[in-house]
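Engineer: Structure file upload24.cif, mmCIF, C-alpha atoms, is pasted below:
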data_entry
loop_
_atom_site.label_atom_id
_atom_site.label_comp_id
_atom_site.auth_asym_id
_atom_site.auth_seq_id
_atom_site.Cartn_x
_atom_site.Cartn_y
_atom_site.Cartn_z
CA MET A 28 -60.66 -22.02 -8.22
CA PRO A 29 -57.60 -21.23 -6.09
CA ILE A 30 -56.31 -17.70 -6.50
CA ARG A 31 -52.94 -15.99 -6.24
CA ALA A 32 -52.90 -12.95 -3.97
CA LEU A 33 -50.43 -10.13 -3.41
CA ILE A 34 -50.57 -8.50 0.04
CA VAL A 35 -48.92 -5.08 0.30
CA ASP A 36 -48.31 -3.64 3.77
CA ASP A 37 -45.22 -2.30 5.53
CA SER A 38 -46.05 -4.41 8.59
CA SER A 39 -45.12 -8.08 8.22
CA VAL A 40 -47.52 -8.88 11.06
CA MET A 41 -50.38 -7.19 9.20
CA ARG A 42 -49.53 -9.08 6.01
CA LYS A 43 -49.85 -12.35 7.94
CA ILE A 44 -53.13 -11.19 9.51
CA VAL A 45 -54.56 -10.31 6.10
CA GLU A 46 -53.55 -13.71 4.70
CA ARG A 47 -55.07 -15.44 7.71
CA SER A 48 -58.27 -13.42 7.31
CA LEU A 49 -58.51 -14.35 3.64
CA ARG A 50 -58.23 -18.03 4.53
CA GLN A 51 -60.73 -17.65 7.39
CA ALA A 52 -63.08 -15.94 4.94
CA GLY A 53 -62.99 -19.09 2.82
CA ILE A 54 -60.86 -17.65 0.01
CA ASP A 55 -58.95 -20.53 -1.59
CA LEU A 56 -55.37 -19.27 -1.93
CA SER A 57 -52.91 -21.16 -4.13
CA LYS A 58 -50.09 -18.67 -3.62
CA VAL A 59 -49.54 -15.57 -1.51
CA PHE A 60 -46.93 -12.96 -2.40
CA GLU A 61 -45.94 -10.17 -0.03
CA ALA A 62 -44.53 -6.68 -0.54
CA GLY A 63 -43.59 -4.01 1.99
CA ASN A 64 -44.54 -1.00 -0.15
CA GLY A 65 -45.89 -0.02 -3.55
CA ALA A 66 -42.53 -0.13 -5.29
CA GLU A 67 -41.86 -3.67 -4.08
CA ALA A 68 -45.35 -4.63 -5.17
CA LEU A 69 -44.81 -3.32 -8.72
CA ALA A 70 -41.53 -5.25 -8.90
CA ALA A 71 -43.23 -8.42 -7.62
CA LEU A 72 -45.95 -8.12 -10.26
CA GLN A 73 -43.32 -8.12 -13.02
CA GLU A 74 -42.25 -11.58 -11.85
CA SER A 75 -45.50 -13.13 -10.68
CA PRO A 76 -49.01 -12.62 -12.01
CA VAL A 77 -51.75 -12.52 -9.39
CA ASP A 78 -55.55 -12.56 -9.26
CA LEU A 79 -56.05 -10.21 -6.31
CA ILE A 80 -54.16 -7.41 -4.58
CA LEU A 81 -54.80 -6.22 -1.02
CA CYS A 82 -53.00 -2.99 -0.29
CA ASP A 83 -52.39 -0.65 2.65
CA ILE A 84 -52.28 3.11 2.03
CA ASN A 85 -49.69 4.54 4.44
CA MET A 86 -46.37 2.95 3.51
CA PRO A 87 -42.83 4.22 3.03
CA VAL A 88 -41.15 4.59 -0.39
CA MET A 89 -44.41 4.34 -2.36
CA ASP A 90 -47.80 4.55 -0.69
CA GLY A 91 -50.89 2.63 -1.69
CA LEU A 92 -52.54 5.45 -3.62
CA GLU A 93 -49.45 6.00 -5.78
CA PHE A 94 -49.23 2.24 -6.27
CA ILE A 95 -52.72 1.94 -7.74
CA LYS A 96 -52.05 4.93 -10.00
CA GLN A 97 -48.91 3.23 -11.36
CA LEU A 98 -50.61 -0.15 -11.54
CA ALA A 99 -52.68 1.15 -14.44
CA GLY A 100 -49.50 1.13 -16.53
CA VAL A 101 -48.53 -2.47 -15.74
CA ALA A 102 -49.66 -4.54 -18.69
CA ASN A 103 -50.08 -7.88 -16.94
CA ALA A 104 -51.67 -6.46 -13.79
CA LYS A 105 -53.75 -3.40 -14.69
CA ASP A 106 -56.99 -5.39 -14.56
CA VAL A 107 -56.23 -7.18 -11.29
CA PRO A 108 -58.76 -6.14 -8.62
CA VAL A 109 -57.28 -4.11 -5.77
CA VAL A 110 -58.88 -3.86 -2.33
CA MET A 111 -57.43 -1.29 0.04
CA ILE A 112 -56.99 -2.29 3.72
CA THR A 113 -56.04 0.68 5.87
CA THR A 114 -56.51 2.65 9.07
CA GLU A 115 -57.19 5.72 6.93
CA GLY A 116 -60.93 6.22 7.14
CA SER A 117 -61.33 9.61 5.53
CA GLU A 118 -63.83 10.05 2.75
CA SER A 119 -61.19 11.69 0.54
CA HIS A 120 -58.92 8.65 0.78
CA VAL A 121 -61.81 6.34 -0.11
CA VAL A 122 -62.84 8.52 -3.06
CA GLU A 123 -59.27 8.84 -4.32
CA ALA A 124 -58.61 5.11 -4.03
CA LEU A 125 -61.83 4.21 -5.83
CA SER A 126 -61.28 6.86 -8.51
CA HIS A 127 -57.89 5.33 -9.30
CA GLY A 128 -59.34 1.89 -9.73
CA ALA A 129 -59.51 0.29 -6.29
CA ARG A 130 -62.48 -2.07 -6.17
CA GLY A 131 -62.97 -2.14 -2.42
CA TYR A 132 -61.97 -0.41 0.80
CA ILE A 133 -61.66 -2.09 4.19
CA ARG A 134 -60.90 -0.12 7.35
CA LYS A 135 -58.70 -1.58 10.07
CA PRO A 136 -59.68 -3.09 12.44
CA PHE A 137 -61.59 -5.64 10.40
CA THR A 138 -63.08 -9.12 10.65
CA PRO A 139 -62.71 -12.05 8.24
CA GLU A 140 -66.40 -11.52 7.42
CA GLN A 141 -65.68 -7.96 6.27
CA VAL A 142 -62.79 -9.25 4.17
CA LYS A 143 -65.12 -11.79 2.58
CA GLU A 144 -67.79 -9.15 1.98
CA HIS A 145 -65.37 -6.91 0.08
CA VAL A 146 -63.15 -9.49 -1.63
CA VAL A 147 -65.52 -12.17 -2.93
CA PRO A 148 -67.52 -9.81 -5.20
CA VAL A 149 -64.39 -8.47 -6.93
CA LEU A 150 -63.11 -11.97 -7.72
CA GLY A 151 -65.94 -12.53 -10.17
CA GLY A 152 -66.48 -16.15 -9.17
CA LYS A 153 -62.80 -17.06 -9.26
CA SER A 154 -62.66 -18.26 -5.65
CA MET B 15 -70.52 27.43 15.75
CA ARG B 16 -67.06 26.48 16.97
CA SER B 17 -64.45 25.22 14.55
CA LEU B 18 -62.97 21.76 14.90
CA GLY B 19 -59.76 23.36 16.13
CA GLU B 20 -61.62 25.23 18.88
CA LEU B 21 -63.45 22.07 19.85
CA LEU B 22 -60.19 20.18 20.01
CA ALA B 23 -58.71 22.82 22.29
CA ALA B 24 -61.62 22.71 24.73
CA ASP B 25 -61.10 20.59 27.81
CA SER B 26 -64.77 19.64 27.86
CA SER B 27 -64.47 18.15 24.36
CA ARG B 28 -61.39 16.23 25.29
CA GLU B 29 -63.13 14.70 28.28
CA ALA B 30 -65.80 13.54 25.86
CA TRP B 31 -63.12 11.71 23.92
CA LEU B 32 -62.47 9.24 26.73
CA PRO B 33 -65.43 6.99 25.86
CA MET B 34 -64.41 7.10 22.20
CA LEU B 35 -60.85 6.16 23.07
CA GLU B 36 -62.22 3.30 25.15
CA VAL B 37 -64.53 2.06 22.37
CA ALA B 38 -61.80 2.44 19.74
CA THR B 39 -59.49 0.28 21.84
CA ARG B 40 -62.10 -2.34 22.64
CA GLU B 41 -63.00 -2.70 18.95
CA VAL B 42 -59.39 -3.33 17.95
CA PHE B 43 -59.00 -6.06 20.56
CA GLU B 44 -62.36 -7.65 19.75
CA LEU B 45 -61.97 -7.63 15.96
CA MET B 46 -58.24 -8.25 15.55
CA LEU B 47 -57.39 -10.32 18.64
CA GLY B 48 -60.75 -11.94 19.28
CA CYS B 49 -60.89 -11.02 22.94
CA GLN B 50 -62.83 -8.77 25.28
CA LEU B 51 -60.90 -6.34 27.43
CA GLY B 52 -61.60 -6.45 31.13
CA VAL B 53 -62.55 -3.56 33.34
CA SER B 54 -59.90 -0.99 34.03
CA SER B 55 -57.29 -1.83 36.55
CA PRO B 56 -56.00 0.54 39.21
CA GLU B 57 -52.70 -1.31 39.15
CA GLU B 58 -49.68 0.66 38.09
CA VAL B 59 -48.31 -0.71 34.84
CA ILE B 60 -44.57 -0.98 34.65
CA PRO B 61 -44.20 -1.15 30.90
CA ASP B 62 -41.63 -3.37 29.25
CA VAL B 63 -42.95 -2.31 25.87
CA THR B 64 -44.37 1.04 24.73
CA ALA B 65 -45.78 1.66 21.26
CA MET B 66 -46.41 5.22 20.09
CA VAL B 67 -48.09 6.78 17.07
CA GLY B 68 -47.79 10.49 16.38
CA MET B 69 -50.83 12.49 15.28
CA ALA B 70 -50.46 15.67 13.25
CA GLY B 71 -52.86 18.14 11.69
CA GLN B 72 -56.00 19.44 13.34
CA LEU B 73 -55.11 17.26 16.29
CA CYS B 74 -51.44 17.04 17.26
CA GLY B 75 -50.25 14.61 19.85
CA VAL B 76 -49.13 11.11 20.65
CA LEU B 77 -51.15 7.98 21.27
CA SER B 78 -49.35 5.26 23.18
CA VAL B 79 -49.98 1.70 24.32
CA ARG B 80 -48.01 0.60 27.38
CA CYS B 81 -47.89 -2.95 28.64
CA SER B 82 -45.68 -5.72 29.94
CA GLY B 83 -43.67 -7.92 27.62
CA LYS B 84 -45.95 -10.80 28.56
CA ALA B 85 -49.01 -8.84 27.42
CA ALA B 86 -47.30 -7.81 24.16
CA ALA B 87 -46.31 -11.42 23.45
CA LEU B 88 -49.86 -12.57 24.14
CA MET B 89 -51.27 -9.91 21.79
CA THR B 90 -48.88 -11.10 19.07
CA SER B 91 -49.86 -14.70 19.67
CA LYS B 92 -53.55 -13.88 19.30
CA MET B 93 -53.09 -11.62 16.27
CA LEU B 94 -51.08 -14.20 14.36
CA GLY B 95 -52.77 -17.31 15.68
CA VAL B 96 -49.51 -18.84 16.86
CA GLU B 97 -48.52 -20.45 20.13
CA LEU B 98 -47.22 -18.05 22.77
CA ASP B 99 -43.82 -19.76 22.88
CA LYS B 100 -43.45 -19.28 19.11
CA VAL B 101 -43.67 -15.47 19.36
CA GLY B 102 -40.40 -13.80 18.42
CA PRO B 103 -39.14 -10.43 17.19
CA GLU B 104 -42.45 -9.69 15.44
CA MET B 105 -43.78 -8.66 18.86
CA SER B 106 -42.74 -5.04 18.33
CA ASP B 107 -44.38 -4.91 14.92
CA ALA B 108 -47.58 -6.38 16.38
CA LEU B 109 -47.80 -3.90 19.26
CA GLY B 110 -47.06 -1.06 16.85
CA GLU B 111 -49.95 -2.20 14.67
CA VAL B 112 -52.27 -2.36 17.68
CA CYS B 113 -51.31 1.20 18.53
CA ASN B 114 -51.74 2.29 14.91
CA MET B 115 -55.21 0.74 14.67
CA VAL B 116 -56.35 2.25 17.97
CA ALA B 117 -55.16 5.70 16.82
CA GLY B 118 -56.81 5.33 13.42
CA ASN B 119 -60.03 3.96 14.84
CA PHE B 120 -60.15 6.74 17.42
CA LYS B 121 -59.68 9.58 14.92
CA ASN B 122 -62.26 8.03 12.60
CA LYS B 123 -64.82 8.35 15.40
CA ILE B 124 -64.44 12.11 15.76
CA ALA B 125 -66.32 14.10 13.14
CA GLY B 126 -63.92 15.91 10.85
CA LEU B 127 -60.79 14.34 12.26
CA ALA B 128 -60.47 11.44 9.83
CA GLU B 129 -59.73 14.02 7.10
CA GLY B 130 -57.75 16.45 9.20
CA CYS B 131 -55.30 14.30 11.12
CA MET B 132 -52.43 12.18 9.85
CA LEU B 133 -50.76 9.33 11.68
CA SER B 134 -47.05 8.63 11.87
CA PRO B 135 -45.65 5.12 11.51
CA PRO B 136 -45.55 3.42 14.91
CA THR B 137 -42.47 3.61 17.14
CA VAL B 138 -41.89 0.89 19.72
CA ILE B 139 -39.67 1.20 22.79
CA THR B 140 -38.59 -1.93 24.63
CA GLY B 141 -37.51 -1.59 28.25
CA SER B 142 -38.85 0.30 31.24
CA ASP B 143 -35.99 2.55 32.26
CA TYR B 144 -37.04 5.67 30.40
CA SER B 145 -39.19 8.74 30.87
CA LEU B 146 -41.31 10.29 28.15
CA HIS B 147 -41.41 14.07 27.89
CA SER B 148 -44.03 15.70 25.75
CA LEU B 149 -45.17 19.26 25.16
CA ALA B 150 -48.71 17.96 25.46
CA ASP B 151 -51.14 18.66 28.27
CA SER B 152 -51.99 16.01 30.82
CA PRO B 153 -52.90 12.84 28.97
CA LEU B 154 -56.24 11.15 28.58
CA GLU B 155 -55.80 7.59 29.76
CA VAL B 156 -57.87 4.45 29.60
CA ARG B 157 -56.83 1.35 31.45
CA PHE B 158 -57.89 -2.21 30.75
CA LEU B 159 -57.17 -5.76 31.70
CA PHE B 160 -56.07 -7.83 28.73
CA GLU B 161 -56.31 -11.49 29.70
CA GLY B 162 -55.90 -10.30 33.27
CA ILE B 163 -52.80 -8.22 32.51
CA PRO B 164 -53.02 -4.43 32.86
CA ILE B 165 -52.49 -2.26 29.78
CA VAL B 166 -52.70 1.52 29.42
CA ILE B 167 -53.79 3.53 26.38
CA SER B 168 -52.74 7.15 26.62
CA LEU B 169 -53.52 10.14 24.39
CA GLN B 170 -51.41 13.25 24.85
CA VAL B 171 -52.78 16.21 22.92
CA HIS B 172 -50.87 19.37 22.06
CA THR B 173 -52.92 22.53 22.22
#
I need this file expressed as C-alpha coordinates, please.

Structural biologist:
Amino acid sequence: MPIRALIVDDSSVMRKIVERSLRQAGIDLSKVFEAGNGAEALAALQESPVDLILCDINMPVMDGLEFIKQLAGVANAKDVPVVMITTEGSESHVVEALSHGARGYIRKPFTPEQVKEHVVPVLGGKS
Amino acid sequence: MRSLGELLAADSSREAWLPMLEVATREVFELMLGCQLGVSSPEEVIPDVTAMVGMAGQLCGVLSVRCSGKAAALMTSKMLGVELDKVGPEMSDALGEVCNMVAGNFKNKIAGLAEGCMLSPPTVITGSDYSLHSLADSPLEVRFLFEGIPIVISLQVHT
(Lines of atoms letter the chains of each structure in order from A and count residues from 1; the text may use other names and numbers.)
(Lines give C-alpha, C1' and ligand atoms only; values in the text may rest on other atoms or scores of the structure.)
Protein backbone atom coordinates (compact mmCIF):
# COMPACT_ATOMS: atom_id res chain seq x y z
CA MET A 1 0.00 0.00 0.00
CA PRO A 2 1.46 3.39 -0.93
CA ILE A 3 2.38 5.54 2.03
CA ARG A 4 2.57 9.25 2.75
CA ALA A 5 5.88 10.40 4.22
CA LEU A 6 7.03 13.60 5.89
CA ILE A 7 10.77 14.32 5.61
CA VAL A 8 12.13 16.86 8.09
CA ASP A 9 15.63 18.26 7.50
CA ASP A 10 17.01 21.79 7.21
CA SER A 11 18.90 20.78 4.07
CA SER A 12 16.72 20.62 0.95
CA VAL A 13 19.39 18.45 -0.69
CA MET A 14 19.22 15.97 2.19
CA ARG A 15 15.42 15.87 1.99
CA LYS A 16 15.70 14.90 -1.68
CA ILE A 17 18.35 12.28 -0.87
CA VAL A 18 16.14 10.75 1.83
CA GLU A 19 13.18 10.61 -0.57
CA ARG A 20 15.35 9.04 -3.24
CA SER A 21 16.67 6.50 -0.75
CA LEU A 22 13.14 5.57 0.31
CA ARG A 23 12.20 4.94 -3.31
CA GLN A 24 15.43 3.00 -3.93
CA ALA A 25 14.63 0.94 -0.84
CA GLY A 26 11.39 -0.10 -2.50
CA ILE A 27 9.10 1.99 -0.29
CA ASP A 28 5.98 2.83 -2.30
CA LEU A 29 5.40 6.55 -1.72
CA SER A 30 2.07 8.11 -2.69
CA LYS A 31 2.96 11.55 -1.34
CA VAL A 32 6.03 13.18 0.17
CA PHE A 33 5.81 16.28 2.34
CA GLU A 34 8.87 18.28 3.37
CA ALA A 35 9.66 20.51 6.34
CA GLY A 36 12.81 22.45 7.20
CA ASN A 37 12.53 22.11 10.98
CA GLY A 38 10.35 20.69 13.73
CA ALA A 39 8.00 23.65 13.89
CA GLU A 40 7.31 23.46 10.15
CA ALA A 41 6.77 19.74 10.51
CA LEU A 42 4.17 20.19 13.27
CA ALA A 43 2.37 22.77 11.12
CA ALA A 44 2.46 20.43 8.10
CA LEU A 45 0.96 17.60 10.15
CA GLN A 46 -2.05 19.78 11.02
CA GLU A 47 -2.83 19.99 7.31
CA SER A 48 -1.75 16.61 6.01
CA PRO A 49 -1.84 13.24 7.73
CA VAL A 50 1.13 10.97 7.04
CA ASP A 51 2.11 7.34 7.63
CA LEU A 52 5.83 7.86 8.28
CA ILE A 53 8.13 10.64 9.47
CA LEU A 54 11.88 10.79 8.84
CA CYS A 55 13.53 13.48 10.91
CA ASP A 56 16.96 15.06 11.35
CA ILE A 57 18.08 16.12 14.83
CA ASN A 58 20.19 19.27 14.39
CA MET A 59 17.89 21.89 12.89
CA PRO A 60 17.20 25.56 13.56
CA VAL A 61 14.02 26.85 15.24
CA MET A 62 12.98 23.44 16.60
CA ASP A 63 15.32 20.46 16.58
CA GLY A 64 14.33 16.86 16.00
CA LEU A 65 14.32 15.84 19.65
CA GLU A 66 11.96 18.67 20.61
CA PHE A 67 9.81 17.80 17.61
CA ILE A 68 9.24 14.20 18.71
CA LYS A 69 8.46 15.39 22.25
CA GLN A 70 5.79 17.76 20.89
CA LEU A 71 4.52 15.18 18.42
CA ALA A 72 3.09 13.22 21.33
CA GLY A 73 0.53 16.00 21.75
CA VAL A 74 -0.63 16.03 18.13
CA ALA A 75 -3.84 14.03 18.02
CA ASN A 76 -3.71 12.93 14.39
CA ALA A 77 0.01 12.17 14.34
CA LYS A 78 1.09 10.92 17.77
CA ASP A 79 1.09 7.30 16.60
CA VAL A 80 2.93 7.93 13.34
CA PRO A 81 6.29 6.12 13.37
CA VAL A 82 9.31 8.43 13.43
CA VAL A 83 12.77 7.39 12.25
CA MET A 84 15.62 9.76 13.01
CA ILE A 85 18.24 10.35 10.27
CA THR A 86 21.20 12.32 11.57
CA THR A 87 24.95 12.80 11.75
CA GLU A 88 24.64 12.74 15.55
CA GLY A 89 25.92 9.33 16.56
CA SER A 90 26.15 9.69 20.31
CA GLU A 91 24.53 7.09 22.51
CA SER A 92 22.74 9.79 24.51
CA HIS A 93 21.05 11.15 21.38
CA VAL A 94 19.94 7.66 20.38
CA VAL A 95 18.61 6.91 23.87
CA GLU A 96 16.82 10.26 24.11
CA ALA A 97 15.24 9.90 20.68
CA LEU A 98 14.05 6.37 21.38
CA SER A 99 12.79 7.29 24.85
CA HIS A 100 10.62 10.01 23.32
CA GLY A 101 9.06 7.63 20.86
CA ALA A 102 11.36 7.44 17.84
CA ARG A 103 11.11 3.98 16.32
CA GLY A 104 14.43 3.95 14.50
CA TYR A 105 17.75 5.76 14.21
CA ILE A 106 19.84 6.00 11.06
CA ARG A 107 23.27 7.64 11.05
CA LYS A 108 24.44 9.67 8.07
CA PRO A 109 26.05 8.60 5.80
CA PHE A 110 23.60 5.84 4.97
CA THR A 111 22.61 3.49 2.16
CA PRO A 112 19.13 2.75 0.78
CA GLU A 113 19.55 -0.73 2.31
CA GLN A 114 19.97 0.80 5.77
CA VAL A 115 16.90 2.95 5.18
CA LYS A 116 14.94 -0.16 4.22
CA GLU A 117 16.23 -2.05 7.26
CA HIS A 118 15.02 0.65 9.66
CA VAL A 119 11.87 1.84 7.89
CA VAL A 120 10.11 -1.31 6.68
CA PRO A 121 9.68 -2.84 10.18
CA VAL A 122 8.05 0.31 11.59
CA LEU A 123 5.50 0.48 8.76
CA GLY A 124 3.80 -2.68 10.01
CA GLY A 125 3.17 -4.06 6.53
CA LYS A 126 1.82 -0.81 5.13
CA SER A 127 4.37 -0.57 2.31
CA MET B 1 45.11 7.03 32.14
CA ARG B 2 44.91 10.22 30.10
CA SER B 3 41.64 12.08 29.74
CA LEU B 4 40.05 12.58 26.35
CA GLY B 5 41.06 16.23 26.52
CA GLU B 6 44.71 15.30 27.10
CA LEU B 7 44.58 12.80 24.27
CA LEU B 8 43.09 15.41 21.98
CA ALA B 9 45.89 17.82 22.84
CA ALA B 10 48.63 15.31 22.09
CA ASP B 11 50.22 15.59 18.67
CA SER B 12 50.71 11.84 18.50
CA SER B 13 46.95 11.30 18.91
CA ARG B 14 46.17 13.81 16.24
CA GLU B 15 48.48 12.09 13.79
CA ALA B 16 46.50 8.94 14.48
CA TRP B 17 43.38 10.76 13.39
CA LEU B 18 44.54 11.04 9.78
CA PRO B 19 43.49 7.49 8.84
CA MET B 20 40.14 8.06 10.55
CA LEU B 21 39.62 11.30 8.66
CA GLU B 22 40.46 9.46 5.46
CA VAL B 23 38.07 6.59 6.19
CA ALA B 24 35.31 8.98 7.31
CA THR B 25 35.62 10.84 4.01
CA ARG B 26 35.76 7.72 1.87
CA GLU B 27 32.63 6.32 3.54
CA VAL B 28 30.63 9.47 2.83
CA PHE B 29 31.56 9.41 -0.84
CA GLU B 30 30.94 5.67 -1.19
CA LEU B 31 27.60 5.60 0.62
CA MET B 32 26.08 8.93 -0.39
CA LEU B 33 27.62 9.55 -3.83
CA GLY B 34 28.25 5.98 -4.91
CA CYS B 35 31.85 6.53 -5.89
CA GLN B 36 35.33 5.58 -4.78
CA LEU B 37 37.81 8.35 -4.12
CA GLY B 38 41.12 8.09 -5.89
CA VAL B 39 44.55 8.25 -4.34
CA SER B 40 45.66 11.56 -2.98
CA SER B 41 46.84 14.13 -5.41
CA PRO B 42 49.90 16.32 -4.94
CA GLU B 43 48.23 18.96 -7.09
CA GLU B 44 47.48 22.25 -5.44
CA VAL B 45 43.74 22.79 -5.26
CA ILE B 46 42.57 26.27 -6.09
CA PRO B 47 39.16 26.12 -4.46
CA ASP B 48 36.15 27.76 -6.01
CA VAL B 49 34.02 26.39 -3.20
CA THR B 50 34.86 25.82 0.47
CA ALA B 51 32.48 24.22 2.96
CA MET B 52 33.21 24.46 6.68
CA VAL B 53 31.70 22.92 9.80
CA GLY B 54 32.70 24.15 13.25
CA MET B 55 33.35 21.67 16.04
CA ALA B 56 32.94 22.65 19.68
CA GLY B 57 33.26 20.85 22.99
CA GLN B 58 36.02 18.41 23.86
CA LEU B 59 37.37 19.01 20.40
CA CYS B 60 37.24 22.57 19.06
CA GLY B 61 38.11 23.35 15.50
CA VAL B 62 36.97 23.55 11.92
CA LEU B 63 36.59 20.83 9.32
CA SER B 64 36.59 22.04 5.74
CA VAL B 65 36.13 20.59 2.27
CA ARG B 66 37.82 22.54 -0.54
CA CYS B 67 37.29 21.84 -4.20
CA SER B 68 36.65 23.33 -7.60
CA GLY B 69 33.19 24.38 -8.71
CA LYS B 70 33.25 21.52 -11.20
CA ALA B 71 33.87 19.00 -8.41
CA ALA B 72 31.12 20.53 -6.25
CA ALA B 73 28.66 20.39 -9.15
CA LEU B 74 29.58 16.77 -9.83
CA MET B 75 29.08 15.87 -6.15
CA THR B 76 25.63 17.51 -6.26
CA SER B 77 24.77 15.65 -9.44
CA LYS B 78 25.69 12.32 -7.88
CA MET B 79 23.98 13.02 -4.56
CA LEU B 80 20.70 13.99 -6.18
CA GLY B 81 20.85 11.68 -9.17
CA VAL B 82 20.41 14.51 -11.65
CA GLU B 83 22.28 15.42 -14.81
CA LEU B 84 25.32 17.62 -14.30
CA ASP B 85 23.85 20.41 -16.43
CA LYS B 86 20.72 20.45 -14.24
CA VAL B 87 22.70 21.31 -11.08
CA GLY B 88 21.86 24.78 -9.80
CA PRO B 89 21.99 26.75 -6.55
CA GLU B 90 21.60 23.59 -4.45
CA MET B 91 25.33 23.01 -5.02
CA SER B 92 26.24 24.94 -1.86
CA ASP B 93 23.74 23.00 0.23
CA ALA B 94 25.11 19.72 -1.16
CA LEU B 95 28.75 20.54 -0.42
CA GLY B 96 27.76 21.73 3.04
CA GLU B 97 26.06 18.40 3.67
CA VAL B 98 29.13 16.50 2.48
CA CYS B 99 31.23 18.49 4.93
CA ASN B 100 28.70 17.95 7.71
CA MET B 101 28.62 14.19 7.14
CA VAL B 102 32.42 13.91 7.02
CA ALA B 103 32.68 15.85 10.30
CA GLY B 104 29.97 13.77 11.96
CA ASN B 105 31.34 10.49 10.68
CA PHE B 106 34.85 11.46 11.81
CA LYS B 107 33.85 12.38 15.37
CA ASN B 108 31.76 9.21 15.66
CA LYS B 109 34.93 7.20 15.02
CA ILE B 110 36.83 8.64 17.98
CA ALA B 111 35.90 7.07 21.30
CA GLY B 112 34.17 9.58 23.53
CA LEU B 113 33.94 12.31 20.93
CA ALA B 114 30.47 11.53 19.60
CA GLU B 115 29.09 12.61 22.99
CA GLY B 116 31.52 15.42 23.67
CA CYS B 117 31.64 17.40 20.45
CA MET B 118 28.92 19.41 18.74
CA LEU B 119 28.83 20.43 15.11
CA SER B 120 27.80 23.81 13.74
CA PRO B 121 25.58 24.13 10.67
CA PRO B 122 27.74 24.17 7.53
CA THR B 123 29.01 27.42 6.04
CA VAL B 124 29.89 27.54 2.35
CA ILE B 125 32.15 30.11 0.70
CA THR B 126 32.08 30.51 -3.07
CA GLY B 127 35.10 32.06 -4.75
CA SER B 128 38.84 31.66 -4.36
CA ASP B 129 40.05 35.13 -3.47
CA TYR B 130 40.09 34.76 0.29
CA SER B 131 42.37 33.61 3.06
CA LEU B 132 41.22 31.69 6.11
CA HIS B 133 42.71 32.60 9.48
CA SER B 134 42.21 30.28 12.39
CA LEU B 135 43.57 30.10 15.92
CA ALA B 136 44.08 26.41 15.31
CA ASP B 137 47.39 24.62 14.98
CA SER B 138 48.61 23.39 11.62
CA PRO B 139 45.81 21.43 10.00
CA LEU B 140 45.52 17.73 9.36
CA GLU B 141 44.83 17.31 5.67
CA VAL B 142 43.79 14.46 3.45
CA ARG B 143 43.75 14.82 -0.29
CA PHE B 144 41.81 12.75 -2.77
CA LEU B 145 40.87 12.58 -6.40
CA PHE B 146 37.13 12.71 -6.90
CA GLU B 147 36.38 11.59 -10.45
CA GLY B 148 39.90 12.73 -11.27
CA ILE B 149 39.44 16.17 -9.70
CA PRO B 150 41.49 17.04 -6.60
CA ILE B 151 39.67 17.77 -3.33
CA VAL B 152 41.10 18.57 0.10
CA ILE B 153 39.63 17.71 3.50
CA SER B 154 41.21 19.73 6.28
CA LEU B 155 40.81 19.55 10.06
CA GLN B 156 42.09 22.47 12.10
CA VAL B 157 42.07 21.74 15.81
CA HIS B 158 42.29 24.33 18.59
CA THR B 159 44.33 23.26 21.57

Engineer: Which value, in Å to one decimal, gives the distance between atom CA of Ala62 of chain A and atom CA of Leu33 of chain A?

Structural biologist: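 We find that atom CA of Ala62 of chain A and atom CA of Leu33 of chain A lie 7.4 Å from each other.
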
Engineer: Which residue, A:Gly65, A:Pro139, A:Gly53, A:Gly100, has the smallest gap to chain B when you use only C-alpha atoms?

Structural biologist: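 Closest to chain B of all the choices is A:Pro139.
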
Engineer: Produce a table with one row for each residue of chain A that has an atom at most 6 Å from any atom of chain B, each row naming the nearest atom pair and its distance in Å at one decimal; use only C-alpha atoms; arrange rows by chain and rising residue number; format as CSV.

Structural biologist:
residue,atom,partner,partner_atom,distance
A:Val40,CA,B:Ala108,CA,5.9
A:Thr114,CA,B:Gly118,CA,5.1
A:Gly116,CA,B:Ala128,CA,5.9
A:Ser117,CA,B:Ala128,CA,4.8
A:Pro136,CA,B:Val42,CA,5.5
A:Phe137,CA,B:Leu45,CA,5.9
A:Thr138,CA,B:Leu45,CA,5.6

Engineer: Rank B:Cys113, B:Val53, B:Ile163, B:Glu29 by their smallest atom-to-atom distance to Val67 of chain B, using all atoms listed in the file, and report the top residue only.

Structural biologist: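 Closest to Val67 of chain B, using all atoms listed in the file: B:Cys113.
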
Engineer: May I ask for the distance between atom CA of Pro29 of chain A and atom CA of His127 of chain A, given in Å to one decimal place?

Structural biologist: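 Spanning atom CA of Pro29 of chain A to atom CA of His127 of chain A is a straight-line distance of 26.8 Å.
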
Engineer: Which residues fall under the PyMOL selection byres ((chain A and resi 49) around 10) in this file, as a PyMOL selection string?

Structural biologist: chain A and resi 32+43-48+50-56+138-143+146-147
